[in-house]
>>> print(open('model23.cif').read())   # mmCIF, C-alpha atoms and all ligand atoms
data_start
#
loop_
_atom_site.label_atom_id
_atom_site.label_comp_id
_atom_site.auth_asym_id
_atom_site.auth_seq_id
_atom_site.Cartn_x
_atom_site.Cartn_y
_atom_site.Cartn_z
CA MET A 1 4.33 6.04 5.51
CA LEU A 2 7.74 7.02 6.82
CA ASP A 3 10.82 4.81 7.04
CA ILE A 4 12.90 5.37 10.15
CA VAL A 5 16.22 3.62 10.64
CA VAL A 6 17.01 2.64 14.22
CA ARG A 7 20.77 2.25 14.68
CA TYR A 8 22.53 0.74 17.63
CA CYS A 9 25.68 -1.22 18.22
CA ALA A 10 25.25 -4.99 18.13
CA MET A 11 27.42 -4.99 21.29
CA HIS A 12 25.00 -2.74 23.21
CA PRO A 13 24.37 -4.56 26.52
CA LYS A 14 20.60 -4.07 26.13
CA VAL A 15 20.47 -5.21 22.51
CA ARG A 16 17.66 -7.71 23.10
CA LYS A 17 15.46 -5.01 24.60
CA ILE A 18 16.19 -2.62 21.75
CA ARG A 19 15.08 -5.30 19.28
CA GLN A 20 11.98 -5.89 21.41
CA ALA A 21 11.11 -2.18 21.21
CA ILE A 22 11.51 -2.13 17.42
CA GLY A 23 9.29 -5.23 17.12
CA ALA A 24 6.62 -3.57 19.25
CA LEU A 25 6.81 -0.27 17.33
CA ASN A 26 6.27 -2.07 14.03
CA GLY A 27 3.54 -4.29 15.48
CA LEU A 28 1.55 -1.48 17.05
CA GLN A 29 0.95 0.64 13.96
CA ASN A 30 1.70 0.73 10.26
CA TYR A 31 2.42 4.38 9.50
CA PHE A 32 6.05 4.42 10.64
CA HIS A 33 8.25 1.61 9.41
CA TYR A 34 11.23 1.04 11.70
CA ILE A 35 14.27 -0.60 10.19
CA ALA A 36 16.81 -2.08 12.61
CA ASP A 37 20.41 -1.36 11.63
CA GLU A 38 23.00 -2.94 13.88
CA LEU A 39 26.42 -1.32 13.85
CA GLY A 40 29.55 -3.39 14.18
CA ILE A 41 31.99 -2.73 16.98
CA ASP A 42 34.18 -0.44 14.87
CA GLU A 43 31.33 1.80 13.77
CA GLY A 44 29.40 1.64 17.01
CA ARG A 45 32.14 1.85 19.65
CA TRP A 46 31.37 5.49 20.42
CA THR A 47 27.82 4.61 21.44
CA LEU A 48 28.97 2.24 24.20
CA GLY A 49 30.45 2.67 27.65
CA ARG A 50 29.91 5.02 30.55
CA ASP A 51 31.90 8.01 29.31
CA GLU A 52 29.75 11.10 28.93
CA LEU A 53 29.15 12.46 25.46
CA SER A 54 28.29 15.99 24.52
CA TRP A 55 25.32 16.29 22.16
CA ARG A 56 27.51 18.12 19.65
CA ASP A 57 29.99 15.23 19.59
CA ALA A 58 27.22 12.67 19.25
CA PHE A 59 25.52 14.62 16.46
CA GLN A 60 28.81 14.96 14.61
CA ARG A 61 29.38 11.22 14.72
CA CYS A 62 25.81 10.48 13.61
CA SER A 63 26.13 12.88 10.69
CA ASP A 64 29.12 10.87 9.49
CA TYR A 65 26.91 7.83 9.05
CA SER A 66 23.56 9.33 8.13
CA SER A 67 22.40 10.34 4.74
CA LYS A 68 20.63 13.66 5.14
CA ARG A 69 17.43 12.40 3.61
CA ARG A 70 16.82 9.49 5.98
CA SER A 71 15.35 9.75 9.42
CA VAL A 72 17.64 7.98 11.85
CA VAL A 73 17.34 7.20 15.55
CA TYR A 74 20.51 6.18 17.37
CA VAL A 75 20.16 4.23 20.59
CA ILE A 76 23.32 4.62 22.63
CA GLU A 77 24.52 3.35 25.98
CA ALA A 78 26.74 6.34 26.74
CA PRO A 79 25.15 9.13 28.84
CA PHE A 80 24.87 12.76 27.72
CA ASP A 81 26.94 15.29 29.66
CA ASP A 82 23.81 17.46 30.14
CA ASN A 83 21.95 14.48 31.68
CA TRP A 84 19.15 14.52 29.05
CA PHE A 85 17.44 11.38 27.83
CA SER A 86 17.58 12.32 24.16
CA HIS A 87 18.43 14.99 21.64
CA GLU A 88 17.15 15.70 18.15
CA GLU A 89 18.30 17.76 15.24
CA GLU A 90 17.24 17.70 11.62
CA HIS A 91 16.49 14.05 10.88
CA ILE A 92 18.63 12.60 13.61
CA SER A 93 17.61 11.64 17.11
CA VAL A 94 19.92 10.14 19.72
CA ILE A 95 18.45 8.37 22.74
CA THR A 96 20.53 7.10 25.63
CA THR A 97 19.66 4.01 27.65
CA SER A 98 22.05 5.16 30.38
CA ASP A 99 20.69 4.81 33.93
CA TRP A 100 17.18 3.84 32.82
CA GLU A 101 17.06 0.48 34.49
CA GLU A 102 19.11 1.65 37.48
CA HIS A 103 17.05 4.76 38.28
CA TYR A 104 13.81 5.01 36.33
CA ALA A 105 12.38 1.58 35.51
CA PRO A 106 9.69 0.38 35.66
CA PRO A 107 8.34 1.03 33.00
CA ALA A 108 10.52 -1.39 31.09
CA LEU A 109 13.42 -0.17 28.98
CA ALA A 110 11.61 -1.29 25.80
CA SER A 111 8.62 0.94 26.70
CA TYR A 112 10.92 3.89 27.40
CA LEU A 113 12.49 3.39 23.96
CA CYS A 114 9.04 3.19 22.33
CA TYR A 115 8.09 6.44 24.06
CA GLN A 116 11.22 8.28 22.99
CA ILE A 117 11.23 6.89 19.46
CA ALA A 118 7.53 7.77 19.01
CA GLN A 119 8.30 11.38 19.96
CA ALA A 120 11.24 11.50 17.58
CA SER A 121 9.07 10.00 14.83
CA LEU A 122 6.48 12.76 15.24
CA CYS A 123 9.18 15.40 14.98
CA PHE A 124 10.59 13.76 11.83
CA GLU A 125 7.18 13.45 10.25
CA ALA A 126 6.16 17.05 11.02
CA GLU A 127 9.66 18.25 10.05
CA LEU A 128 9.80 20.28 13.23
CA THR A 129 12.65 22.71 13.54
CA GLU A 130 14.12 23.26 16.99
CA ASP A 131 12.09 26.48 17.32
CA MET A 132 8.86 24.72 16.40
CA GLU A 133 9.57 21.92 18.86
CA LEU A 134 10.30 24.41 21.62
CA ARG A 135 6.83 25.85 21.11
CA LEU A 136 5.43 22.43 21.99
CA VAL A 137 7.53 21.75 25.07
CA HIS A 138 5.89 22.19 28.48
CA GLU A 139 8.24 23.47 31.15
CA THR A 140 5.84 22.30 33.84
CA THR A 141 5.07 18.60 33.88
CA ASN A 142 1.44 17.95 32.96
CA GLY A 143 1.61 14.36 31.70
CA CYS A 144 2.06 15.23 28.01
CA MET A 145 4.55 13.55 25.72
CA PHE A 146 6.12 16.99 25.18
CA ASP A 147 6.87 17.69 28.86
CA MET A 148 10.38 18.97 29.32
CA CYS A 149 10.90 16.74 32.41
CA GLU A 150 13.34 19.00 34.20
CA TYR A 151 13.12 16.43 37.00
CA LYS A 152 14.00 13.38 34.99
CA LYS A 153 11.75 11.08 36.98
CA ASP A 154 8.76 13.08 35.70
CA ILE A 155 9.07 11.12 32.47
CA ARG A 156 7.21 8.34 34.28
CA ILE A 157 4.21 10.65 34.68
CA GLY A 158 4.14 11.17 30.92
CA MET A 159 4.52 7.46 30.25
CA SER A 160 1.72 6.58 32.69
CA ALA A 161 -0.58 9.17 31.10
CA GLY A 162 0.43 8.11 27.58
CA VAL A 163 -1.04 11.08 25.75
CA ILE A 164 -0.29 14.11 23.64
CA CYS A 165 -2.21 16.96 25.30
CA PRO A 166 -4.95 18.75 23.30
CA SER A 167 -2.82 21.88 22.97
CA CYS A 168 0.15 19.99 21.48
CA LYS A 169 -2.19 18.03 19.20
CA ALA A 170 -3.68 21.28 17.91
CA THR A 171 -0.18 22.70 17.30
CA LEU A 172 0.92 19.53 15.49
CA ARG A 173 -2.18 19.67 13.28
CA MET A 174 -1.35 23.31 12.54
CA TYR A 175 2.09 22.15 11.41
CA GLY A 176 0.39 19.72 9.04
CA THR A 177 0.50 16.47 11.01
CA GLY A 178 -2.22 14.16 9.69
CA GLU A 179 -4.72 12.10 11.66
CA GLU A 180 -3.09 8.87 10.47
CA VAL A 181 0.17 9.93 12.11
CA LEU A 182 -1.51 10.96 15.35
CA ASP A 183 -3.35 7.64 15.38
CA ALA A 184 -0.10 5.69 14.95
CA VAL A 185 1.43 7.57 17.89
CA ARG A 186 -1.73 7.06 19.95
CA ARG A 187 -1.36 3.30 19.50
CA ILE A 188 2.28 3.39 20.62
CA LEU A 189 1.41 5.55 23.61
CA ARG A 190 -1.36 3.17 24.65
CA TYR A 191 1.19 0.35 24.78
CA VAL A 192 3.56 2.50 26.84
CA ARG A 193 0.77 3.48 29.22
CA GLN A 194 -0.35 -0.13 29.71
CA ASP A 195 3.18 -1.09 30.67
CA ALA A 196 3.67 1.97 32.89
CA VAL A 197 0.57 1.16 34.92
CA GLY A 198 1.34 -2.57 35.04
CA MET A 199 -1.50 -3.69 32.74
CA ARG A 200 0.27 -4.59 29.52
CA GLU A 201 -1.18 -7.45 27.56
CA LEU A 202 1.17 -9.70 25.70
CA VAL A 203 0.41 -9.43 22.00
CA ARG A 204 2.03 -11.64 19.39
CA TRP A 205 2.91 -9.26 16.57
CA ASN A 206 3.10 -12.12 14.07
CA ALA A 207 -0.21 -13.80 14.95
CA ALA A 208 -3.50 -13.59 13.05
CA PHE A 209 -6.60 -14.90 14.78
CA VAL A 210 -9.16 -16.28 12.33
CA VAL A 211 -12.84 -15.71 13.05
CA MET A 212 -15.34 -17.67 10.92
CA ARG A 213 -17.76 -20.54 11.19
CA PHE A 214 -15.52 -23.57 11.03
CA THR A 215 -17.01 -26.25 8.84
CA GLU A 216 -15.90 -29.29 6.86
CA PHE A 217 -15.93 -30.06 3.12
CA ASP A 218 -17.78 -26.96 1.95
CA GLU A 219 -16.95 -23.56 0.40
CA ASN A 220 -16.22 -22.07 3.80
CA ALA A 221 -13.83 -24.87 4.77
CA HIS A 222 -12.06 -24.73 1.41
CA ALA A 223 -11.65 -20.95 1.62
CA TYR A 224 -9.89 -21.48 4.95
CA GLU A 225 -7.83 -24.49 3.94
CA TYR A 226 -6.70 -23.32 0.47
CA GLY A 227 -6.94 -19.54 0.81
CA ILE A 228 -6.61 -18.05 4.28
CA GLN A 229 -4.31 -20.57 5.95
CA PRO A 230 -1.67 -20.80 3.18
CA ALA A 231 -1.74 -17.02 2.63
CA LEU A 232 -0.90 -16.40 6.28
CA LYS A 233 1.91 -18.91 6.00
CA ASP A 234 3.18 -17.11 2.88
CA VAL A 235 3.53 -13.83 4.79
CA GLY A 236 5.01 -15.48 7.89
CA LEU A 237 2.03 -14.98 10.18
CA ALA A 238 0.93 -17.60 12.68
CA CYS A 239 -2.65 -18.65 11.95
CA VAL A 240 -4.56 -18.99 15.23
CA ARG A 241 -7.99 -20.61 15.70
CA ALA A 242 -9.85 -20.93 18.97
CA ASP A 243 -10.78 -24.57 18.36
CA GLU A 244 -7.16 -25.56 17.72
CA ASN A 245 -6.03 -24.57 21.21
CA PRO A 246 -7.90 -26.67 23.78
CA PRO A 247 -9.40 -24.01 26.05
CA HIS A 248 -8.86 -24.04 29.78
CA GLY A 249 -12.16 -22.26 30.21
CA THR A 250 -15.07 -21.93 27.80
CA ILE A 251 -14.73 -21.61 24.01
CA LEU A 252 -15.63 -17.95 24.46
CA ASP A 253 -12.70 -17.52 26.89
CA SER A 254 -10.43 -19.04 24.30
CA VAL A 255 -11.82 -16.83 21.52
CA CYS A 256 -11.47 -13.64 23.57
CA LYS A 257 -7.96 -14.57 24.68
CA GLY A 258 -6.96 -15.39 21.10
CA ILE A 259 -8.26 -12.05 19.82
CA ARG A 260 -6.59 -10.08 22.63
CA SER A 261 -3.23 -11.75 22.13
CA SER A 262 -3.09 -11.47 18.30
CA ARG A 263 -2.16 -8.38 16.35
CA PHE A 264 -4.43 -9.24 13.42
CA VAL A 265 -7.97 -10.57 13.33
CA ILE A 266 -9.24 -12.03 10.06
CA VAL A 267 -12.99 -12.34 9.83
CA LYS A 268 -14.96 -14.20 7.16
CA VAL A 269 -18.23 -12.34 7.40
CA ASP A 270 -20.30 -13.71 4.54
CA GLU A 271 -21.98 -16.54 6.46
CA GLN A 272 -23.97 -14.09 8.60
CA ASN A 273 -23.15 -16.03 11.75
CA LEU A 274 -24.03 -14.24 15.00
CA ASN A 275 -20.99 -15.60 16.85
CA VAL A 276 -18.78 -14.25 14.07
CA PHE A 277 -20.34 -10.78 14.36
CA PHE A 278 -19.97 -10.84 18.14
CA GLU A 279 -16.27 -11.69 17.81
CA LEU A 280 -15.81 -9.03 15.11
CA GLY A 281 -17.33 -6.42 17.42
CA TYR A 282 -15.00 -7.53 20.21
CA ALA A 283 -11.97 -7.20 17.91
CA LEU A 284 -13.01 -3.76 16.67
CA GLY A 285 -13.61 -2.63 20.25
CA LEU A 286 -10.04 -3.64 21.07
CA ASP A 287 -8.75 -1.61 18.12
CA LYS A 288 -7.26 -4.67 16.44
CA ASP A 289 -6.05 -4.68 12.85
CA VAL A 290 -9.06 -6.36 11.25
CA LEU A 291 -9.36 -7.81 7.75
CA LEU A 292 -12.85 -8.67 6.54
CA ILE A 293 -13.28 -11.34 3.87
CA SER A 294 -16.41 -12.17 1.89
CA GLU A 295 -17.40 -14.05 -1.22
CA GLN A 296 -18.04 -11.44 -3.92
CA SER A 297 -21.62 -12.62 -4.56
CA LEU A 298 -22.54 -12.32 -0.87
CA ILE A 299 -21.14 -8.89 -0.11
CA GLY A 300 -24.45 -7.17 -0.76
CA HIS A 301 -25.97 -9.08 2.13
CA LEU A 302 -23.60 -7.77 4.78
CA PRO A 303 -25.03 -5.57 7.54
CA THR A 304 -24.93 -1.87 6.65
CA ASP A 305 -22.64 -1.18 9.64
CA LEU A 306 -19.88 -2.96 7.74
CA ASN A 307 -20.28 -0.89 4.56
CA ASN A 308 -17.55 1.51 5.56
CA TRP A 309 -14.98 -1.19 6.24
CA THR A 310 -12.64 -2.45 3.59
CA CYS A 311 -13.72 -5.97 2.74
CA LEU A 312 -11.55 -8.23 0.67
CA THR A 313 -13.67 -10.22 -1.77
CA TYR A 314 -13.07 -13.36 -3.83
CA THR A 315 -15.01 -15.35 -6.39
CA LYS A 316 -16.51 -18.56 -5.06
CA GLY A 317 -14.08 -21.43 -5.69
CA ASP A 318 -11.12 -19.20 -6.57
CA TYR A 319 -8.95 -20.01 -3.55
CA LYS A 320 -5.76 -19.14 -5.37
CA GLY A 321 -7.17 -15.67 -6.01
CA LEU A 322 -8.17 -15.39 -2.35
CA ARG A 323 -4.71 -16.47 -1.24
CA ASN A 324 -3.03 -13.89 -3.51
CA ALA A 325 -5.36 -11.12 -2.40
CA ILE A 326 -4.60 -11.77 1.28
CA VAL A 327 -0.84 -11.87 0.63
CA ASN A 328 -1.02 -8.59 -1.32
CA PHE A 329 -3.09 -6.98 1.43
CA PHE A 330 -0.41 -7.68 4.04
CA LYS A 331 2.41 -6.70 1.69
CA ASP A 332 0.81 -3.39 0.69
CA LYS A 333 -0.68 -2.29 3.95
CA TYR A 334 1.74 -3.71 6.51
CA ARG A 335 4.87 -4.39 4.43
CA ILE A 336 4.77 -7.95 5.68
CA ALA A 337 6.10 -10.45 3.18
ZN ZN A 401 1.42 18.88 25.32
#
>>> encode(input="model23.cif", output="structure tokens", more="lines below")
Ligand SMILES: [Zn+2]
Amino acid sequence: MLDIVVRYCAMHPKVRKIRQAIGALNGLQNYFHYIADELGIDEGRWTLGRDELSWRDAFQRCSDYSSKRRSVVYVIEAPFDDNWFSHEEEHISVITTSDWEEHYAPPALASYLCYQIAQASLCFEAELTEDMELRLVHETTNGCMFDMCEYKKDIRIGMSAGVICPSCKATLRMYGTGEEVLDAVRRILRYVRQDAVGMRELVRWNAAFVVMRFTEFDENAHAYEYGIQPALKDVGLACVRADENPPHGTILDSVCKGIRSSRFVIVKVDEQNLNVFFELGYALGLDKDVLLISEQSLIGHLPTDLNNWTCLTYTKGDYKGLRNAIVNFFKDKYRIA
């Protein structure tokens, strides 16, 4: 995991969209942890306005604020005098929002920021020097995240493709970039691509859709009522159930919509219910963040296909234990608390 601080002035005219981008970046993956840091007007004045900044000037000002050991992305309003979208050096990246909405959107400003911040994050993670990064850059636009984009509008080709080309991936692996990192960036790029081609689905980053056989007054019902539901509340996640939202179509429509629009899908798999397995397959196919839950004594009965998935277990009747285990899972894996 890598912490990356995203700094911007609280007076930035696009502040709401910057916050939206940070929310999406944290919701899409859990390798990079983005920490919003809003500068006051005194500290952040230089980032605002329409006066052109040289990269050297910008870097100098960033260095004043940044500890050398932290990776920091600055989002500024001021344009660069060389007309670039962003610059990077050491563990500092500066991205300008200048002209985006006037000349390049759509895609939305938040998607542009996700795209630029994802690229910066890869460079931080791989500790790329300028020379190493130059070896990745394509002078001719081919739809890769590392296109130079001499014609600035070409950035939209990269955002619509939403990929790191095989050659750049191979180079990044050679530099030691792990699969977990590439997967985190892939998830961000998928979001950017969906927006760029006008097919973005609205996902609630704080929602967990619960898949199980809903019953009353039995072990299953108690596990939900005293374990799953309060645990989600403890970590600030909205607990969503298909039967709690009167469907406009069929129950299946409601289930599919609930899974698509939630970041997390929690599945109680121990009842061996075919509907539950169908919904689990749907969630896995959509690359959702899935948490499996089973009673300890029933785990041996799960289908072998699920053997490779982490399954959180609890002892029958120990709902407090179940609640704690779910809370710890989200704290440890997603830093949600
Ligand atoms: Zn490439």
>>> closest_atom_pairs(input="model23.cif", of="chain A", to="ligand ZN 401 (chain A)", cutoff="10 Å", atoms="only C-alpha atoms and all ligand atoms", output="Markdown table")
| residue | atom | partner | partner_atom | distance |
| --- | --- | --- | --- | --- |
| A:Arg135 | CA | A:ZN401 | ZN | 9.8 |
| A:Leu136 | CA | A:ZN401 | ZN | 6.3 |
| A:Val137 | CA | A:ZN401 | ZN | 6.8 |
| A:His138 | CA | A:ZN401 | ZN | 6.4 |
| A:Thr141 | CA | A:ZN401 | ZN | 9.3 |
| A:Asn142 | CA | A:ZN401 | ZN | 7.7 |
| A:Gly143 | CA | A:ZN401 | ZN | 7.8 |
| A:Cys144 | CA | A:ZN401 | ZN | 4.6 |
| A:Met145 | CA | A:ZN401 | ZN | 6.2 |
| A:Phe146 | CA | A:ZN401 | ZN | 5.1 |
| A:Asp147 | CA | A:ZN401 | ZN | 6.6 |
| A:Met148 | CA | A:ZN401 | ZN | 9.8 |
| A:Gly158 | CA | A:ZN401 | ZN | 9.9 |
| A:Val163 | CA | A:ZN401 | ZN | 8.2 |
| A:Ile164 | CA | A:ZN401 | ZN | 5.3 |
| A:Cys165 | CA | A:ZN401 | ZN | 4.1 |
| A:Pro166 | CA | A:ZN401 | ZN | 6.7 |
| A:Ser167 | CA | A:ZN401 | ZN | 5.7 |
| A:Cys168 | CA | A:ZN401 | ZN | 4.2 |
| A:Lys169 | CA | A:ZN401 | ZN | 7.2 |
| A:Ala170 | CA | A:ZN401 | ZN | 9.3 |
| A:Thr171 | CA | A:ZN401 | ZN | 9.0 |
| A:Leu172 | CA | A:ZN401 | ZN | 9.9 |
>>> residues_near_point(input="model23.cif", point="(5.5, 5.3, 23.7)", cutoff="9 Å", atoms="all atoms listed in the file", output="list in words")
Leu25, Ser111, Tyr112, Leu113, Cys114, Tyr115, Gln116, Ile117, Ala118, Gln119, Met145, Met159, Gly162, Val163, Val185, Arg186, Arg187, Ile188, Leu189, Arg190, Tyr191, Val192 and Arg193 of chain A
>>> closest_atom_pairs(input="model23.cif", of="range 141-235 of chain A", to="range 278-295 of chain A", cutoff="10 Å", atoms="all atoms listed in the file", output="JSON lines")
{"residue": "A:Arg187", "atom": "CA", "partner": "A:Asp287", "partner_atom": "CA", "distance": 9.0}
{"residue": "A:Ala208", "atom": "CA", "partner": "A:Asp289", "partner_atom": "CA", "distance": 9.3}
{"residue": "A:Phe209", "atom": "CA", "partner": "A:Val290", "partner_atom": "CA", "distance": 9.6}
{"residue": "A:Val210", "atom": "CA", "partner": "A:Leu291", "partner_atom": "CA", "distance": 9.6}
{"residue": "A:Val211", "atom": "CA", "partner": "A:Glu279", "partner_atom": "CA", "distance": 7.1}
{"residue": "A:Met212", "atom": "CA", "partner": "A:Glu279", "partner_atom": "CA", "distance": 9.2}
{"residue": "A:Glu219", "atom": "CA", "partner": "A:Glu295", "partner_atom": "CA", "distance": 9.7}
{"residue": "A:Asn220", "atom": "CA", "partner": "A:Glu295", "partner_atom": "CA", "distance": 9.5}
{"residue": "A:Ala223", "atom": "CA", "partner": "A:Glu295", "partner_atom": "CA", "distance": 9.4}
{"residue": "A:Ile228", "atom": "CA", "partner": "A:Ile293", "partner_atom": "CA", "distance": 9.5}
>>> write_last_selection(input="model23.cif", atoms="C-alpha atoms", output="mmCIF file, in the coordinates of the input")
data_model
loop_
_atom_site.group_PDB
_atom_site.id
_atom_site.type_symbol
_atom_site.label_atom_id
_atom_site.label_comp_id
_atom_site.auth_asym_id
_atom_site.auth_seq_id
_atom_site.Cartn_x
_atom_site.Cartn_y
_atom_site.Cartn_z
ATOM 1 C CA ARG A 187 -1.360 3.300 19.500
ATOM 2 C CA ALA A 208 -3.500 -13.590 13.050
ATOM 3 C CA PHE A 209 -6.600 -14.900 14.780
ATOM 4 C CA VAL A 210 -9.160 -16.280 12.330
ATOM 5 C CA VAL A 211 -12.840 -15.710 13.050
ATOM 6 C CA MET A 212 -15.340 -17.670 10.920
ATOM 7 C CA GLU A 219 -16.950 -23.560 0.400
ATOM 8 C CA ASN A 220 -16.220 -22.070 3.800
ATOM 9 C CA ALA A 223 -11.650 -20.950 1.620
ATOM 10 C CA ILE A 228 -6.610 -18.050 4.280
#
>>> closest_residue(input="model23.cif", among="A:Val327, A:Ala78, A:Leu28, A:Val269", to="Arg213 in chain A", atoms="all atoms listed in the file")
A:Val269
>>> closest_residue(input="model23.cif", among="A:Ile22, A:Glu89, A:Leu237, A:Ser54", to="Leu109 in chain A", atoms="all atoms listed in the file")
A:Ile22
>>> closest_residue(input="model23.cif", among="A:Pro230, A:Gly317, A:Glu52, A:Ser121", to="Asp218 in chain A", atoms="only C-alpha atoms")
A:Gly317
>>> atom_distance(input="model23.cif", atom1="CA of Asp3 in chain A", atom2="CA of Arg70 in chain A")
7.7 Å
>>> atom_distance(input="model23.cif", atom1="CA of Glu101 in chain A", atom2="CA of Ala36 in chain A")
22.0 Å
>>> closest_residue(input="model23.cif", among="A:Glu271, A:Asn308, A:Glu43, A:Pro79", to="Asp64 in chain A", atoms="all atoms listed in the file")
A:Glu43
>>> residues_around(input="model23.cif", residues="Ala110 in chain A", least_positions_apart="5", cutoff="8 Å", atoms="all atoms listed in the file", output="list in words")
Lys17, Ile18, Gln20 and Ala21 of chain A
>>> residues_around(input="model23.cif", residues="range 33-35 of chain A", least_positions_apart="4", cutoff="9 Å", atoms="only C-alpha atoms", output="list in words")
Met1, Leu2, Asp3, Ile4, Val5, Val6, Arg7, Ile22, Gly23, Leu25, Asn26, Gln29, Tyr334 and Arg335 of chain A
>>> atom_distance(input="model23.cif", atom1="CA of Pro106 in chain A", atom2="CA of Val197 in chain A")
9.2 Å
>>> residues_around(input="model23.cif", residues="range 149-152 of chain A", least_positions_apart="3", cutoff="8 Å", atoms="all atoms listed in the file", output="PDB file with C-alpha atoms, keeping the file's coordinate frame")
ATOM      1  CA  TRP A  84      19.150  14.520  29.050  1.00  0.00           C
ATOM      2  CA  GLU A 139       8.240  23.470  31.150  1.00  0.00           C
ATOM      3  CA  THR A 140       5.840  22.300  33.840  1.00  0.00           C
ATOM      4  CA  THR A 141       5.070  18.600  33.880  1.00  0.00           C
ATOM      5  CA  ILE A 155       9.070  11.120  32.470  1.00  0.00           C
TER       6      ILE A 155
END
>>> residues_near_point(input="model23.cif", point="(24.3, 21.1, 28.3)", cutoff="8 Å", atoms="all atoms listed in the file", output="number ranges by chain")
A: 54-55, 81-83
>>> residues_around(input="model23.cif", residues="Pro303 in chain A", least_positions_apart="4", cutoff="12 Å", atoms="all atoms listed in the file", output="list of chain:residue names")
A:Val269, A:Asp270, A:Glu271, A:Gln272, A:Asn273, A:Leu274, A:Phe277, A:Leu298, A:Ile299, A:Asn307, A:Asn308, A:Trp309
>>> residues_around(input="model23.cif", residues="range 319-324 of chain A", least_positions_apart="3", cutoff="12 Å", atoms="all atoms listed in the file", output="count of residues only")
34
>>> build_atoms(input="model23.cif", residues="range 8-20 of chain A", atoms="N, CA and C atoms", output="JSON list (two decimals), keeping the file's coordinate frame")
[["chain", "number", "residue", "atom", "x", "y", "z"],
["A", 8, "TYR", "N", 21.95, 1.00, 16.31],
["A", 8, "TYR", "CA", 22.53, 0.74, 17.63],
["A", 8, "TYR", "C", 23.65, -0.27, 17.42],
["A", 9, "CYS", "N", 24.55, -0.31, 18.36],
["A", 9, "CYS", "CA", 25.68, -1.22, 18.22],
["A", 9, "CYS", "C", 25.22, -2.63, 18.62],
["A", 10, "ALA", "N", 25.62, -3.60, 17.82],
["A", 10, "ALA", "CA", 25.25, -4.99, 18.13],
["A", 10, "ALA", "C", 25.82, -5.41, 19.48],
["A", 11, "MET", "N", 26.81, -4.66, 19.99],
["A", 11, "MET", "CA", 27.42, -4.99, 21.29],
["A", 11, "MET", "C", 26.74, -4.24, 22.44],
["A", 12, "HIS", "N", 25.71, -3.46, 22.14],
["A", 12, "HIS", "CA", 25.00, -2.74, 23.21],
["A", 12, "HIS", "C", 24.51, -3.76, 24.24],
["A", 13, "PRO", "N", 24.76, -3.54, 25.53],
["A", 13, "PRO", "CA", 24.37, -4.56, 26.52],
["A", 13, "PRO", "C", 22.87, -4.83, 26.58],
["A", 14, "LYS", "N", 22.06, -3.89, 26.08],
["A", 14, "LYS", "CA", 20.60, -4.07, 26.13],
["A", 14, "LYS", "C", 20.05, -4.39, 24.74],
["A", 15, "VAL", "N", 20.84, -5.04, 23.92],
["A", 15, "VAL", "CA", 20.47, -5.21, 22.51],
["A", 15, "VAL", "C", 19.14, -5.96, 22.35],
["A", 16, "ARG", "N", 18.89, -6.93, 23.21],
["A", 16, "ARG", "CA", 17.66, -7.71, 23.10],
["A", 16, "ARG", "C", 16.43, -6.81, 23.34],
["A", 17, "LYS", "N", 16.58, -5.89, 24.28],
["A", 17, "LYS", "CA", 15.46, -5.01, 24.60],
["A", 17, "LYS", "C", 15.25, -3.95, 23.51],
["A", 18, "ILE", "N", 16.33, -3.56, 22.87],
["A", 18, "ILE", "CA", 16.19, -2.62, 21.75],
["A", 18, "ILE", "C", 15.43, -3.30, 20.62],
["A", 19, "ARG", "N", 15.79, -4.55, 20.34],
["A", 19, "ARG", "CA", 15.08, -5.30, 19.28],
["A", 19, "ARG", "C", 13.60, -5.48, 19.66],
["A", 20, "GLN", "N", 13.37, -5.73, 20.94],
["A", 20, "GLN", "CA", 11.98, -5.89, 21.41],
["A", 20, "GLN", "C", 11.18, -4.61, 21.16]]
